[in-house]
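Asker: Please read through the structure below; I'll follow up with questions.
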Amino acid sequence: MSDLRDYISKVKKIKELKTIKTKVSTKYEIAGVTAKVDQSHAVLFENIKESDFRLVSNLVGTRKRFALAVGGTENNIHQKVISAIKNSKAPKIVPTGKFMENKSKNINLMPVVTHFEKESGPFITSSVAYAKNPETGKQNSSFHRMMPIDKTHLSIRMVEGRHLHRCFIDAKEHGEDLKIAITVGVHPAISIAGAYQFDWGKDEIDIANSLLGGKLTLAKLPFSGLNVPSGSEIVMEGKILRDKVHPEWMVEMLQTYDHKRSQPIFEIENLYFRNNPIFHDVLSGYGEHRLLMGMPIESKLNGELKKAFSQVKQVSMTNGGSNWLHAVVQIKKKTESDAKKIIKKTFESHRSLKQVTVVDEDIDPNSAESVEYAMATRFQADKDLVIIKNVRGSSLDPSSDQKKLQTAKMGIDATRSTSKRPEGFEMAKIPKIDKINLKKYFK
């Protein structure tokens, strides 16, 4: 079985898991430790003041562990994800799930973390929601953060127009509550698939099954009738109430506070959990959150742009752009118009993008210093800058018109001009420098 514990054992095997036995609190302390290990180890907390559950954080907080989750290497992450999307296949259904070892109706058993001083409360940040598509009857899987209100109710954050929200609106229009299921603590391939915006009517869990080599199994829940990963650590089932909302606000990918929103309320019917369960917490705005949301988009951009333009070598969603708002596209330039055509297509492929920079083959798109060098030596603002005004952007960007979801976008052609002498752009190299070992000289 491919579950969270299987993945944690692999992280431990590559010596990237730190286990903490010291007693810690869910109020700021777990978030603080996770922030301190950002870009490094995953952390397993075994002694939590407010709960008997264990907790893991920073699980896929690096590209190396992200690659481990999809069964690849850092060099072939996108090929793995793109292949799984193209060849997605439904998992097998099994009679029962391991999560059915324990049952309750009290969500306060879980170690839900309070992360930031001005958030509206503690949030479950790794929750994947499962609902039935009203048109096709197939399930939908997607990421949604949840805030506990009392022991049987949580608010659930839904973006308007996305698939779960469309299912909810359909149920509401028919005068019904929407039955859903929630998992917390699954193999990260399931979380990665849940973060991918699959076509309406298709189930993201099929992508996860392909990433896991067809080893994923699902178990059916009694109240909702929905199928969830059988190896889930924690499962909630219940319904999103059609006529009740609750105010909340949270920290987003940009490490800024989102504005106050009234969100629908999820009412729990059953809470299931494994023996000695592991709760998964994702620290908003830090490495794991950004990679979980941004890497599936990076894979999508690599697939779509390479298909449309043979010149495209690599696409990177930058760390400085929170792996969401800025992209760098590396190309082998053929004509002077290549970069601007590619800029246009990149914006079309991911509408949250605010800035796209196109660079040559000799520029590392994952290095901010290298990209800035390209801008310094190959970019002229009067000819190579593209500005697009008053278009749909990300609701997360505090500098944009967040009510109308409008922003300005910038494209930068930082490639070598074909009208200039090519040797003027060549970066000078020192022969055999890679063979020089300073220990030989500094004794």
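Lettering and numbering for the structure tokens are positional, with chains as A, B, ... in the shown order, residues counted from 1 in each chain, and ligands counted from 1 in the shown order.
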For A:Ser417, find every residue with an atom within 10 Å (counting only C-alpha atoms), except residues of its own chain fewer than 6 positions away, and show them as a ChimeraX atom specification.
Answerer: /A:333,335-336,378-380,384,425
Asker: Just the residues within 10 Å of A:Gln402, please, counting only C-alpha atoms, with nothing from its chain fewer than 4 positions along; format it as a ChimeraX atom specification.
Answerer: /A:258-259,392-398,406-407
Asker: Grab the atom CA of A:Glu248 to atom CA of A:Met158 distance for me, in Å with one decimal place.
Answerer: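 For atom CA of A:Glu248 relative to atom CA of A:Met158, the distance reads 11.8 Å.
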Asker: Considering only C-alpha atoms, state which residue in the set A:Val128, A:Asn437, A:Lys215, A:Arg242 is at the smallest distance from A:Ile169.
Answerer: A:Arg242
Asker: Set the distance at 7 Å and use only C-alpha atoms: which residues neighbour A:Met236 once local chain neighbours fewer than 3 positions away are removed? I'd like the list as an NGL selection string.
Answerer: :A and (181-183 or 268 or 270-272)
Asker: To test your reading of the structure, identify every residue in stretch 35-262 of chain A that backbone DSSP assigns to strand (DSSP E or B), and report it as an MDAnalysis selection string.
Answerer: chainID A and resid 42:45 48 51 54:57 92:94 102:104 113:114 123:124 128:132 139:143 146:150 153:156 178:184 217:220 227:229 234:248 251 257 261:262
Asker: Could you pull out the residues in stretch 30-96 of chain A that DSSP calls alpha helix (DSSP H) from the backbone, as a PyMOL selection string?
Answerer: chain A and resi 30-36+63-69+77-86
Asker: Quick one: everything within 7 Å of stretch 224-235 of chain A, counting only C-alpha atoms, minus sequence neighbours fewer than 6 positions away in the same chain. Send it as a PyMOL selection string.
Answerer: chain A and resi 3+96-99+179-186+217-218+271-274+277-278
Asker: Can you list, as a list in words, every protein, DNA or RNA residue that comes within 12 Å of A:Val33 when you count only C-alpha atoms, leaving out same-chain residues fewer than 5 positions away?
Answerer: Lys18, Thr19, Ile20, Thr22, Val24, Ser25, Thr26, Lys27, Tyr28, Asp38, Ser40, His41, Ala42, Val43, Leu44, Phe45, Val56, Ser57, Asn58, His115 and Leu283 of chain A
Asker: Keeping C-alpha atoms for every residue in the selection just given, could you write it to a file as a compact mmCIF listing (two decimals), in the first residue's frame?
Answerer:
```txt
# COMPACT_ATOMS: atom_id res chain seq x y z
CA LYS A 18 13.91 14.77 12.16
CA THR A 19 11.86 13.20 14.98
CA ILE A 20 11.04 15.48 17.92
CA THR A 22 10.09 17.05 23.26
CA VAL A 24 5.34 20.91 21.83
CA SER A 25 2.21 23.04 21.55
CA THR A 26 -0.08 23.45 18.54
CA LYS A 27 -0.23 27.17 19.34
CA TYR A 28 2.59 28.80 17.33
CA ASP A 38 12.08 25.49 5.89
CA SER A 40 15.55 21.43 4.87
CA HIS A 41 14.27 18.43 6.87
CA ALA A 42 10.77 17.06 7.33
CA VAL A 43 9.76 16.96 11.00
CA LEU A 44 7.74 14.36 12.93
CA PHE A 45 6.40 15.60 16.29
CA VAL A 56 4.36 15.69 10.47
CA SER A 57 5.30 18.95 8.76
CA ASN A 58 7.54 20.18 5.91
CA HIS A 115 0.14 29.25 12.82
CA LEU A 283 2.78 25.86 7.00
```
Asker: Atom CA of A:Ile412 and atom CA of A:Ser322, how far apart in Å?
Answerer: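 Atom CA of A:Ile412 lies at a distance of 18.3 Å from atom CA of A:Ser322.
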Asker: With a distance cut-off of 6 Å and only C-alpha atoms, select the neighbouring residues of stretch 130-144 of chain A, excluding the residue or stretch itself and same-chain residues fewer than 3 positions from it, and output the selection as a VMD selection string.
Answerer: chain A and resid 127 157 180 to 181 194 to 195 201 203 to 204
Asker: At what distance in Å, to one decimal, does atom CA of A:Asn102 lie from atom CA of A:Ser284?
Answerer: 29.1 Å
Asker: Please determine, counting only C-alpha atoms, which residue among A:Ile265, A:Ile387, A:Ala31, A:Val282 has the shortest atom-to-atom distance to A:Glu117.
Answerer: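 Result for the nearest residue to A:Glu117: A:Ala31.
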Asker: Can you list, as a PyMOL selection string, every protein, DNA or RNA residue that comes within 10 Å of A:Asp243 when you count only C-alpha atoms, leaving out same-chain residues fewer than 4 positions away?
Answerer: chain A and resi 172+175-177+264-265
Asker: Determine the nearest neighbour of A:Leu109 from the options A:Arg54, A:Lys420, A:His163, A:His246, counting only C-alpha atoms.
Answerer: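 Using only C-alpha atoms, A:Leu109 sits closest to A:Arg54.
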Asker: So which one's closest to A:Ser51, A:Ile107, A:Met427, A:Ala35, A:Leu305? Using only C-alpha atoms, please.
Answerer: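 With only C-alpha atoms as the atom set, the closest residue is A:Ile107.
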